[in-house]
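Below is the file data-v2.tsv, which contains TSV, C-alpha atoms.
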```tsv
chain	number	residue	atom	x	y	z
A	1	MET	CA	-14.43	23.64	20.72
A	2	SER	CA	-16.02	20.37	21.81
A	3	ILE	CA	-14.67	17.35	19.94
A	4	ASP	CA	-16.93	14.46	18.94
A	5	PHE	CA	-14.20	11.92	18.13
A	6	ASP	CA	-10.46	11.47	18.41
A	7	ILE	CA	-10.27	10.51	14.73
A	8	ILE	CA	-12.69	10.26	11.84
A	9	VAL	CA	-11.76	7.63	9.24
A	10	VAL	CA	-13.25	8.28	5.80
A	11	GLY	CA	-13.46	5.00	3.88
A	12	ALA	CA	-14.17	1.55	5.34
A	13	GLY	CA	-12.08	-0.70	3.09
A	14	PRO	CA	-9.18	-2.71	4.53
A	15	ALA	CA	-7.07	0.38	5.24
A	16	GLY	CA	-9.87	2.29	6.95
A	17	SER	CA	-11.16	-0.66	8.95
A	18	SER	CA	-7.61	-1.59	9.98
A	19	CYS	CA	-6.96	1.97	11.13
A	20	ALA	CA	-10.24	2.15	13.06
A	21	LEU	CA	-9.71	-1.21	14.78
A	22	HIS	CA	-6.13	-0.46	15.82
A	23	ALA	CA	-7.05	3.05	16.97
A	24	GLU	CA	-9.87	1.74	19.17
A	25	ARG	CA	-7.47	-0.76	20.73
A	26	LEU	CA	-5.21	2.14	21.60
A	27	GLY	CA	-8.01	3.92	23.44
A	28	MET	CA	-9.22	6.32	20.77
A	29	LYS	CA	-12.83	7.23	20.06
A	30	VAL	CA	-13.37	6.54	16.36
A	31	LEU	CA	-15.98	7.27	13.69
A	32	LEU	CA	-15.70	5.19	10.51
A	33	LEU	CA	-17.58	6.43	7.42
A	34	ASP	CA	-18.06	5.01	3.94
A	35	LYS	CA	-20.13	6.37	1.07
A	36	GLN	CA	-21.21	2.89	-0.05
A	37	LYS	CA	-23.56	0.43	1.57
A	38	PHE	CA	-21.82	-2.80	2.57
A	39	PRO	CA	-21.39	-5.49	1.41
A	40	ARG	CA	-19.86	-4.02	-1.73
A	41	ASP	CA	-17.32	-5.30	-4.26
A	42	LYS	CA	-13.91	-3.89	-5.19
A	43	THR	CA	-11.80	-4.51	-8.31
A	44	CYS	CA	-8.97	-6.67	-7.00
A	45	GLY	CA	-7.21	-9.99	-7.44
A	46	ASP	CA	-8.53	-11.06	-4.01
A	47	ALA	CA	-5.22	-12.71	-3.04
A	48	LEU	CA	-3.94	-12.39	0.53
A	49	SER	CA	-0.19	-12.80	0.92
A	50	SER	CA	1.54	-14.14	3.99
A	51	ALA	CA	2.32	-10.55	4.97
A	52	SER	CA	-1.38	-9.66	4.75
A	53	LEU	CA	-2.32	-12.69	6.83
A	54	ARG	CA	0.14	-11.60	9.51
A	55	GLU	CA	-1.64	-8.23	9.71
A	56	ILE	CA	-5.01	-10.00	9.90
A	57	GLU	CA	-3.68	-12.19	12.71
A	58	GLY	CA	-2.57	-9.01	14.48
A	59	LEU	CA	-6.17	-7.78	14.32
A	60	GLY	CA	-7.34	-11.02	15.92
A	61	LEU	CA	-9.39	-11.89	12.83
A	62	MET	CA	-7.63	-14.96	11.44
A	63	GLN	CA	-10.26	-17.38	12.75
A	64	SER	CA	-13.02	-15.22	11.31
A	65	LEU	CA	-11.26	-15.19	7.94
A	66	MET	CA	-10.89	-18.97	7.96
A	67	GLU	CA	-14.61	-19.33	8.63
A	68	ASN	CA	-15.57	-17.11	5.68
A	69	PRO	CA	-15.76	-18.34	2.05
A	70	SER	CA	-12.16	-18.49	0.81
A	71	VAL	CA	-9.50	-20.73	-0.73
A	72	LYS	CA	-6.12	-21.61	0.76
A	73	VAL	CA	-3.17	-21.40	-1.63
A	74	ASN	CA	0.47	-22.32	-1.10
A	75	LYS	CA	2.05	-22.12	-4.54
A	76	ILE	CA	2.24	-19.85	-7.56
A	77	THR	CA	2.80	-20.65	-11.23
A	78	TYR	CA	4.53	-18.26	-13.63
A	79	THR	CA	4.08	-18.68	-17.39
A	80	CYS	CA	5.42	-16.67	-20.32
A	81	SER	CA	4.06	-16.34	-23.86
A	82	ASN	CA	6.08	-19.24	-25.27
A	83	GLY	CA	4.50	-21.63	-22.76
A	84	GLN	CA	7.51	-21.96	-20.45
A	85	SER	CA	6.29	-22.16	-16.85
A	86	VAL	CA	7.49	-22.84	-13.33
A	87	THR	CA	5.59	-23.47	-10.10
A	88	VAL	CA	7.14	-22.40	-6.79
A	89	PRO	CA	5.96	-22.31	-3.17
A	90	LEU	CA	4.57	-19.05	-1.85
A	91	PRO	CA	6.85	-17.56	0.81
A	92	LYS	CA	5.53	-18.02	4.35
A	93	ILE	CA	6.91	-15.29	6.56
A	94	ASP	CA	5.26	-16.48	9.78
A	95	PRO	CA	5.33	-20.23	10.54
A	96	SER	CA	2.56	-19.82	13.11
A	97	LEU	CA	0.01	-18.86	10.45
A	98	PRO	CA	-2.43	-21.63	9.45
A	99	THR	CA	-1.78	-21.15	5.73
A	100	THR	CA	0.70	-19.47	3.42
A	101	GLY	CA	-1.81	-17.50	1.36
A	102	MET	CA	-5.51	-17.22	0.70
A	103	VAL	CA	-7.93	-15.96	-1.91
A	104	CYS	CA	-10.96	-14.25	-0.39
A	105	ARG	CA	-13.28	-12.17	-2.55
A	106	ARG	CA	-13.25	-8.53	-1.54
A	107	VAL	CA	-17.02	-8.45	-1.14
A	108	VAL	CA	-16.49	-11.03	1.65
A	109	PHE	CA	-13.16	-9.83	3.05
A	110	ASP	CA	-14.05	-6.15	3.35
A	111	SER	CA	-17.39	-6.95	4.98
A	112	MET	CA	-15.64	-9.19	7.51
A	113	LEU	CA	-13.33	-6.33	8.50
A	114	LEU	CA	-16.17	-3.82	8.69
A	115	ASP	CA	-18.32	-6.18	10.77
A	116	ALA	CA	-15.45	-6.44	13.25
A	117	ALA	CA	-15.22	-2.65	13.30
A	118	ARG	CA	-18.96	-2.28	13.93
A	119	GLU	CA	-18.50	-4.14	17.22
A	120	ARG	CA	-15.88	-1.68	18.49
A	121	VAL	CA	-16.34	1.74	16.87
A	122	GLU	CA	-19.13	3.88	15.51
A	123	VAL	CA	-19.70	2.98	11.85
A	124	MET	CA	-21.82	4.79	9.27
A	125	ASP	CA	-21.87	3.26	5.81
A	126	TRP	CA	-23.88	4.79	2.98
A	127	CYS	CA	-22.62	8.03	4.47
A	128	ALA	CA	-20.71	10.25	2.04
A	129	MET	CA	-18.22	12.82	3.24
A	130	ARG	CA	-18.93	16.11	1.51
A	131	GLN	CA	-16.37	18.43	3.07
A	132	VAL	CA	-13.32	18.26	5.31
A	133	LEU	CA	-13.74	20.86	8.05
A	134	THR	CA	-10.68	22.96	8.80
A	135	GLU	CA	-9.61	25.42	11.46
A	136	ASP	CA	-6.45	27.52	11.09
A	137	GLY	CA	-5.44	25.34	8.13
A	138	ARG	CA	-5.81	22.09	10.07
A	139	ALA	CA	-8.40	19.36	9.45
A	140	CYS	CA	-10.76	19.16	12.40
A	141	GLY	CA	-13.79	17.19	11.20
A	142	VAL	CA	-16.13	16.48	8.29
A	143	ASN	CA	-19.51	17.34	6.87
A	144	ALA	CA	-21.30	14.21	5.69
A	145	GLU	CA	-24.56	13.19	4.07
A	146	MET	CA	-26.26	9.92	4.93
A	147	GLY	CA	-28.46	8.09	2.48
A	148	GLY	CA	-28.49	11.07	0.16
A	149	LYS	CA	-30.66	13.07	2.55
A	150	ARG	CA	-29.63	13.69	6.17
A	151	GLU	CA	-26.64	15.94	6.73
A	152	PHE	CA	-24.25	15.75	9.67
A	153	SER	CA	-21.17	17.53	10.95
A	154	PHE	CA	-18.64	15.76	13.15
A	155	THR	CA	-15.51	17.16	14.75
A	156	ALA	CA	-12.30	15.30	15.53
A	157	LYS	CA	-8.67	15.78	16.45
A	158	ALA	CA	-7.65	14.31	13.07
A	159	VAL	CA	-9.13	12.98	9.83
A	160	VAL	CA	-7.85	9.84	8.11
A	161	GLY	CA	-8.32	9.60	4.35
A	162	ALA	CA	-8.97	5.95	3.52
A	163	ASP	CA	-11.25	6.79	0.61
A	164	GLY	CA	-9.36	5.23	-2.28
A	165	ALA	CA	-7.40	6.24	-5.34
A	166	MET	CA	-9.59	9.28	-6.00
A	167	SER	CA	-9.53	10.36	-2.36
A	168	GLN	CA	-11.70	13.38	-1.62
A	169	VAL	CA	-9.89	13.87	1.67
A	170	ALA	CA	-6.59	14.18	-0.20
A	171	ARG	CA	-8.08	16.47	-2.85
A	172	GLN	CA	-9.77	18.80	-0.39
A	173	THR	CA	-6.70	19.12	1.83
A	174	GLY	CA	-4.30	19.92	-1.00
A	175	PHE	CA	-2.29	16.73	-1.52
A	176	PRO	CA	-0.56	16.25	-4.92
A	177	LYS	CA	-2.16	13.77	-7.35
A	178	TYR	CA	0.97	11.88	-8.58
A	179	PRO	CA	-0.60	10.87	-11.94
A	180	GLN	CA	2.66	9.28	-13.14
A	181	TYR	CA	2.44	6.60	-10.43
A	182	ARG	CA	-0.55	4.61	-11.63
A	183	SER	CA	-1.46	1.23	-13.05
A	184	VAL	CA	-4.72	0.05	-14.60
A	185	ALA	CA	-6.46	-3.17	-13.58
A	186	ALA	CA	-9.30	-5.05	-15.25
A	187	ARG	CA	-11.01	-7.98	-13.53
A	188	ALA	CA	-13.97	-10.34	-13.87
A	189	TYR	CA	-15.15	-13.60	-12.34
A	190	TYR	CA	-15.58	-16.71	-14.49
A	191	ARG	CA	-17.16	-20.07	-13.84
A	192	LEU	CA	-15.91	-23.36	-15.32
A	193	VAL	CA	-12.33	-22.29	-16.04
A	194	THR	CA	-10.55	-25.64	-16.26
A	195	GLY	CA	-7.26	-26.50	-14.59
A	196	THR	CA	-7.45	-24.27	-11.52
A	197	VAL	CA	-6.19	-26.49	-8.70
A	198	GLY	CA	-5.40	-24.28	-5.74
A	199	SER	CA	-2.46	-22.43	-7.28
A	200	LEU	CA	-2.15	-18.76	-8.08
A	201	GLU	CA	-1.29	-18.29	-11.75
A	202	ILE	CA	0.50	-15.36	-13.35
A	203	TYR	CA	1.00	-15.00	-17.12
A	204	PHE	CA	3.60	-12.64	-18.55
A	205	LEU	CA	2.12	-12.22	-22.01
A	206	ASP	CA	4.02	-10.28	-24.67
A	207	GLU	CA	0.85	-8.39	-25.56
A	208	ILE	CA	0.54	-6.77	-22.12
A	209	LEU	CA	4.13	-6.58	-20.80
A	210	PRO	CA	5.27	-4.98	-18.53
A	211	GLY	CA	1.88	-5.94	-17.11
A	212	TYR	CA	0.62	-9.44	-16.41
A	213	LEU	CA	-2.52	-11.57	-16.38
A	214	TRP	CA	-3.69	-13.44	-13.28
A	215	LEU	CA	-5.93	-16.44	-12.66
A	216	TYR	CA	-6.79	-16.89	-8.98
A	217	PRO	CA	-9.17	-19.63	-7.75
A	218	THR	CA	-12.01	-18.59	-5.46
A	219	GLU	CA	-14.65	-20.59	-3.67
A	220	SER	CA	-17.64	-22.19	-5.44
A	221	GLY	CA	-15.68	-22.96	-8.60
A	222	MET	CA	-15.25	-19.34	-9.62
A	223	THR	CA	-11.96	-17.94	-10.91
A	224	ASN	CA	-10.84	-14.35	-10.49
A	225	VAL	CA	-9.33	-13.38	-13.86
A	226	GLY	CA	-7.69	-10.04	-14.40
A	227	LEU	CA	-4.74	-8.05	-15.60
A	228	SER	CA	-2.67	-5.16	-14.34
A	229	ILE	CA	-0.63	-2.86	-16.60
A	230	PRO	CA	1.31	0.31	-15.73
A	231	LEU	CA	-0.58	3.32	-17.08
A	232	GLU	CA	2.41	4.29	-19.22
A	233	GLY	CA	2.26	0.85	-20.86
A	234	VAL	CA	-1.46	1.21	-21.51
A	235	LYS	CA	-0.85	4.51	-23.28
A	236	ARG	CA	2.19	3.31	-25.21
A	237	LYS	CA	0.44	0.20	-26.52
A	238	LYS	CA	-2.90	2.00	-26.92
A	239	LEU	CA	-4.70	-0.72	-24.95
A	240	CYS	CA	-8.31	-0.86	-23.85
A	241	PRO	CA	-8.07	-2.82	-20.56
A	242	ARG	CA	-11.39	-4.65	-21.02
A	243	GLU	CA	-10.56	-5.64	-24.58
A	244	ALA	CA	-7.02	-6.59	-23.57
A	245	LEU	CA	-8.45	-9.01	-21.00
A	246	ASN	CA	-10.88	-10.48	-23.52
A	247	GLN	CA	-8.10	-10.96	-26.06
A	248	ALA	CA	-5.70	-12.47	-23.52
A	249	ILE	CA	-8.01	-15.32	-22.56
A	250	ARG	CA	-8.56	-16.09	-26.27
A	251	LEU	CA	-4.84	-16.62	-26.91
A	252	PRO	CA	-3.85	-20.24	-27.75
A	253	LEU	CA	-2.05	-20.47	-24.42
A	254	LEU	CA	-5.35	-20.05	-22.53
A	255	SER	CA	-8.28	-20.47	-24.92
A	256	ASP	CA	-8.83	-24.18	-24.18
A	257	ARG	CA	-9.24	-23.46	-20.49
A	258	PHE	CA	-11.94	-20.88	-21.18
A	259	GLU	CA	-13.81	-22.90	-23.81
A	260	LEU	CA	-16.67	-23.80	-21.44
A	261	SER	CA	-16.36	-20.81	-19.15
A	262	LYS	CA	-19.01	-18.22	-18.42
A	263	ARG	CA	-18.26	-14.73	-17.21
A	264	MET	CA	-20.22	-13.70	-14.12
A	265	GLY	CA	-21.13	-10.07	-14.56
A	266	ARG	CA	-19.06	-7.38	-16.21
A	267	ILE	CA	-15.35	-6.69	-16.50
A	268	ASP	CA	-14.55	-4.01	-13.94
A	269	VAL	CA	-11.71	-1.54	-14.49
A	270	ALA	CA	-9.91	0.46	-11.81
A	271	MET	CA	-6.97	2.81	-11.46
A	272	LEU	CA	-4.29	1.65	-9.01
A	273	PRO	CA	-2.11	4.29	-7.31
A	274	VAL	CA	1.29	2.62	-7.04
A	275	GLY	CA	3.70	3.45	-4.28
A	276	ASN	CA	6.57	5.89	-4.29
A	277	THR	CA	8.51	6.97	-1.24
A	278	MET	CA	8.35	10.65	-2.19
A	279	ARG	CA	4.55	10.69	-1.90
A	280	ARG	CA	3.19	13.03	0.75
A	281	ILE	CA	0.77	11.14	2.99
A	282	HIS	CA	0.25	13.38	5.98
A	283	GLY	CA	-0.53	17.02	6.68
A	284	PRO	CA	-2.01	19.22	9.42
A	285	GLY	CA	-4.59	17.02	11.09
A	286	VAL	CA	-4.65	14.55	8.16
A	287	ALA	CA	-3.19	11.13	7.38
A	288	LEU	CA	-3.75	9.11	4.20
A	289	VAL	CA	-3.84	5.31	4.18
A	290	GLY	CA	-4.39	2.53	1.64
A	291	ASP	CA	-5.03	3.55	-1.96
A	292	ALA	CA	-5.33	7.18	-0.86
A	293	ALA	CA	-1.68	6.91	0.21
A	294	GLY	CA	-0.63	5.01	-2.92
A	295	VAL	CA	0.75	1.83	-1.37
A	296	VAL	CA	0.19	-0.61	-4.26
A	297	ASN	CA	3.27	-2.63	-5.27
A	298	PRO	CA	4.24	-1.58	-8.84
A	299	CYS	CA	5.21	-5.13	-9.90
A	300	SER	CA	2.69	-7.40	-8.19
A	301	SER	CA	-0.12	-4.81	-7.88
A	302	GLU	CA	-0.70	-6.10	-4.34
A	303	GLY	CA	-2.43	-3.44	-2.31
A	304	ILE	CA	-4.06	-5.24	0.62
A	305	PHE	CA	-0.88	-5.65	2.66
A	306	GLY	CA	0.01	-1.98	2.20
A	307	ALA	CA	-3.56	-1.03	3.12
A	308	LEU	CA	-3.58	-3.03	6.35
A	309	LEU	CA	-0.07	-1.92	7.26
A	310	SER	CA	-0.69	1.77	6.59
A	311	GLY	CA	-3.92	1.63	8.61
A	312	ARG	CA	-2.08	0.17	11.58
A	313	LEU	CA	0.87	2.56	11.42
A	314	ALA	CA	-1.39	5.59	11.05
A	315	ALA	CA	-3.44	4.51	14.08
A	316	GLU	CA	-0.34	3.95	16.19
A	317	THR	CA	1.10	7.34	15.19
A	318	LEU	CA	-2.16	9.22	15.76
A	319	ALA	CA	-2.66	7.61	19.16
A	320	LYS	CA	0.62	9.18	20.29
A	321	ALA	CA	0.23	12.44	18.39
A	322	CYS	CA	-3.28	13.10	19.73
A	323	GLN	CA	-2.74	12.00	23.30
A	324	ASP	CA	-4.06	14.60	25.76
A	325	ARG	CA	-4.24	17.18	22.98
A	326	THR	CA	-7.01	18.83	20.98
A	327	SER	CA	-5.02	18.34	17.76
A	328	PRO	CA	-2.20	16.00	16.71
A	329	ASP	CA	1.39	16.97	17.43
A	330	GLU	CA	2.83	17.65	13.97
A	331	THR	CA	6.33	16.56	14.97
A	332	LEU	CA	5.02	13.18	16.12
A	333	MET	CA	2.92	12.85	12.95
A	334	LYS	CA	6.10	12.75	10.86
A	335	ALA	CA	6.74	9.29	12.26
A	336	TYR	CA	3.92	7.87	10.14
A	337	PRO	CA	5.44	8.34	6.65
A	338	GLU	CA	8.90	7.54	8.03
A	339	ARG	CA	7.71	4.18	9.37
A	340	LEU	CA	5.59	3.33	6.33
A	341	TRP	CA	8.22	4.09	3.69
A	342	ARG	CA	10.92	2.41	5.78
A	343	GLU	CA	8.80	-0.75	5.63
A	344	LEU	CA	7.71	-0.54	2.00
A	345	GLY	CA	10.40	1.65	0.43
A	346	PRO	CA	13.07	-0.94	-0.50
A	347	THR	CA	10.56	-3.17	-2.27
A	348	LEU	CA	8.90	-0.23	-4.05
A	349	ARG	CA	12.19	1.09	-5.39
A	350	LEU	CA	13.22	-2.37	-6.56
A	351	SER	CA	9.84	-2.93	-8.21
A	352	ASP	CA	10.22	0.26	-10.24
A	353	ARG	CA	13.52	-1.00	-11.61
A	354	LEU	CA	12.22	-4.49	-12.30
A	355	LEU	CA	9.31	-3.11	-14.32
A	356	GLU	CA	11.82	-1.48	-16.65
A	357	LEU	CA	13.44	-4.89	-17.21
A	358	ARG	CA	10.26	-6.81	-17.99
A	359	SER	CA	10.86	-7.92	-21.56
A	360	PRO	CA	9.90	-11.24	-23.20
A	361	LYS	CA	13.54	-12.38	-23.21
A	362	ALA	CA	14.17	-11.44	-19.58
A	363	ILE	CA	10.96	-13.10	-18.33
A	364	ASP	CA	11.71	-16.26	-20.33
A	365	SER	CA	15.25	-16.35	-18.92
A	366	LEU	CA	13.99	-16.01	-15.34
A	367	ILE	CA	11.45	-18.79	-15.71
A	368	ARG	CA	13.96	-21.13	-17.33
A	369	SER	CA	16.45	-20.32	-14.56
A	370	ALA	CA	13.87	-21.15	-11.90
A	371	LYS	CA	13.14	-24.50	-13.57
A	372	ARG	CA	16.85	-25.41	-13.83
A	373	ARG	CA	17.69	-24.27	-10.28
A	374	PRO	CA	14.90	-25.26	-7.89
A	375	HIS	CA	16.93	-24.04	-4.89
A	376	ASN	CA	16.82	-20.52	-6.38
A	377	ALA	CA	13.21	-20.70	-7.52
A	378	GLY	CA	11.81	-18.79	-4.53
A	379	TRP	CA	14.36	-16.01	-4.96
A	380	ILE	CA	13.58	-15.74	-8.68
A	381	SER	CA	9.88	-15.68	-7.81
A	382	GLY	CA	10.55	-12.61	-5.70
A	383	ILE	CA	12.16	-10.93	-8.68
A	384	LEU	CA	9.24	-11.78	-10.97
A	385	ILE	CA	6.69	-10.12	-8.69
A	386	GLY	CA	8.98	-7.47	-7.23
A	387	SER	CA	9.09	-8.70	-3.64
A	388	ALA	CA	12.79	-9.62	-3.47
A	389	LEU	CA	14.88	-7.60	-1.06
A	390	PRO	CA	17.73	-5.49	-2.44
A	391	SER	CA	21.21	-7.02	-2.10
A	392	ASP	CA	24.60	-6.98	-3.80
A	393	GLU	CA	23.78	-10.32	-5.41
A	394	LEU	CA	20.50	-8.93	-6.73
A	395	SER	CA	22.19	-5.83	-8.13
A	396	SER	CA	24.51	-8.05	-10.16
A	397	PHE	CA	21.56	-10.11	-11.35
A	398	LEU	CA	19.68	-7.00	-12.46
A	399	GLY	CA	22.65	-6.15	-14.65
A	400	TYR	CA	22.30	-9.61	-16.16
A	401	LEU	CA	18.61	-8.98	-16.86
A	402	ASP	CA	19.44	-5.65	-18.45
A	403	PHE	CA	21.43	-7.58	-21.07
A	404	PHE	CA	18.18	-9.22	-22.22
A	405	ARG	CA	16.29	-5.95	-22.28
A	406	ARG	CA	18.69	-4.32	-24.74
```

Conversion result in structure tokens:
Amino acid sequence: MSIDFDIIVVGAGPAGSSCALHAERLGMKVLLLDKQKFPRDKTCGDALSSASLREIEGLGLMQSLMENPSVKVNKITYTCSNGQSVTVPLPKIDPSLPTTGMVCRRVVFDSMLLDAARERVEVMDWCAMRQVLTEDGRACGVNAEMGGKREFSFTAKAVVGADGAMSQVARQTGFPKYPQYRSVAARAYYRLVTGTVGSLEIYFLDEILPGYLWLYPTESGMTNVGLSIPLEGVKRKKLCPREALNQAIRLPLLSDRFELSKRMGRIDVAMLPVGNTMRRIHGPGVALVGDAAGVVNPCSSEGIFGALLSGRLAAETLAKACQDRTSPDETLMKAYPERLWRELGPTLRLSDRLLELRSPKAIDSLIRSAKRRPHNAGWISGILIGSALPSDELSSFLGYLDFFRR
């Protein structure tokens, strides 16, 4: 059988574009598809952590990012329902980076990545995958439809599912759905929100715990306002995400800041597949990346770093597994989930435990502790958003937090 491409990547968001760009660097012939026409928006907080920026630097796109509309940020403020708050520096994991963090709207960021991909691989947006082609139980290509009319068939050594939380690649190739590992996000853009001065803001409000509300400044005076709540919390509290967001910004803690504001467009709602190290993310001729692989942090709801990382690791694994072969070596393919969960696993497991401890008393205690002990503020910040690394000291501290939960 003649093969059109080494890999076909379905979905051109950060995970798919990252995978395509890294794969091309490694000498692979790549086709990148997306059902939507770019530029397109995506429900997201738009924040890029230092870890995300390191991946962007690895793609050689940092200068391009800096030239696009965005806001540099270097601190984050945590506030609880009683008004207690603390502001701490964002962790900078690579001193060579030009900034600690950034906020870049997804409509801009995703298009930047895809434009870079267009220069190096074959890209077809507004091209919907209809069917994963298989041979002897192994994915070997796709049927696709472009612009709602023209139909195509492409063959490949492997197919990468980068097509989001409701991945058709995953569904058609028999991957489990993992419905228990989900959060719900609601987000809108507002103009004229007062008091946004280059800091990320997170509010742990009693009404939406164990979730949180965010206010992130973007360019042109707009503010990205949203909330993320574990699906179990949404069901338990019988919340409507859109209404919960509307009610949150009307609370006395925030209402003054939104008095003159104007919402730009609608409140978008999305399902976030949060990470768990037991999730199956590869199969015969298939690898899942980004939201399709469920790499969102349960505490912080950050998904861009996991998307970029999973795209890179999948490309590196496939480049070895497909070398001089008509299909990927299944033994070599096992390296992909092993590498990904080794990188993300400790933080994911800790985040699951921290979510269980998010109570008004525990959050208030953490914020007061950070204010009293500035030298520990960064460490406590990691606990608040679930990015701290497991340690004996942390295990003892989690026992302390459990006292407040009871």

For this session: Skip A:Pro179 itself and residues of its chain fewer than 5 positions away, then list as a ChimeraX atom specification all residues within 12 Å of it, counting only C-alpha atoms.
Result: /A:165-166,184,230-232,271-276,279,294

Stretch 14-49 of chain A residues near stretch 66-78 of chain A within 12 Å, closest pair each, using only C-alpha atoms, as a tab-separated table:
```
residue	atom	partner	partner_atom	distance
A:Asp46	CA	A:Ser70	CA	9.6
A:Ala47	CA	A:Val73	CA	9.0
A:Leu48	CA	A:Val73	CA	9.3
A:Ser49	CA	A:Val73	CA	9.5
```

Problem set entry | Contacts of A:Glu201 within 12 Å, only C-alpha atoms, excl. fewer than 6 positions in-chain, as a PyMOL selection string | chain A and resi 45+47+73-80+85-90+195+212-217+223-227+254+385

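Here atom CA of A:Lys35 stands at a distance of 5.9 Å from atom CA of A:Asp125.
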
Exercise. Do you know which residues are at most 7 Å from A:Ser17 counting all atoms listed in the file, after dropping those on the same chain fewer than 5 positions away, and could you put them as a VMD selection string?
Worked result: chain A and resid 12 113 to 114 117

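Distances here use all atoms listed in the file; by that measure, the residue among A:Ala314, A:Gly83, A:Arg138, A:Ala144 closest to A:Arg368 is A:Gly83.
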
For this session: Please provide the set of residues having any atom within 12 Å of A:Gly382, restricted to only C-alpha atoms, with same-chain residues fewer than 5 positions apart removed, written as number ranges by chain.
Result: A: 76, 78, 88-91, 299-300, 347, 350-351, 354, 366-367, 370, 376-377, 387-390, 394

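The point (0.4, 5.2, 13.5) has these residues within 10 Å of it, counting only C-alpha atoms: Cys19, His22, Ala23, Ala287, Leu309, Ser310, Gly311, Arg312, Leu313, Ala314, Ala315, Glu316, Thr317, Leu318, Ala319, Lys320, Ala321, Leu332, Met333, Lys334, Ala335, Tyr336, Pro337, Arg339 and Leu340 of chain A.
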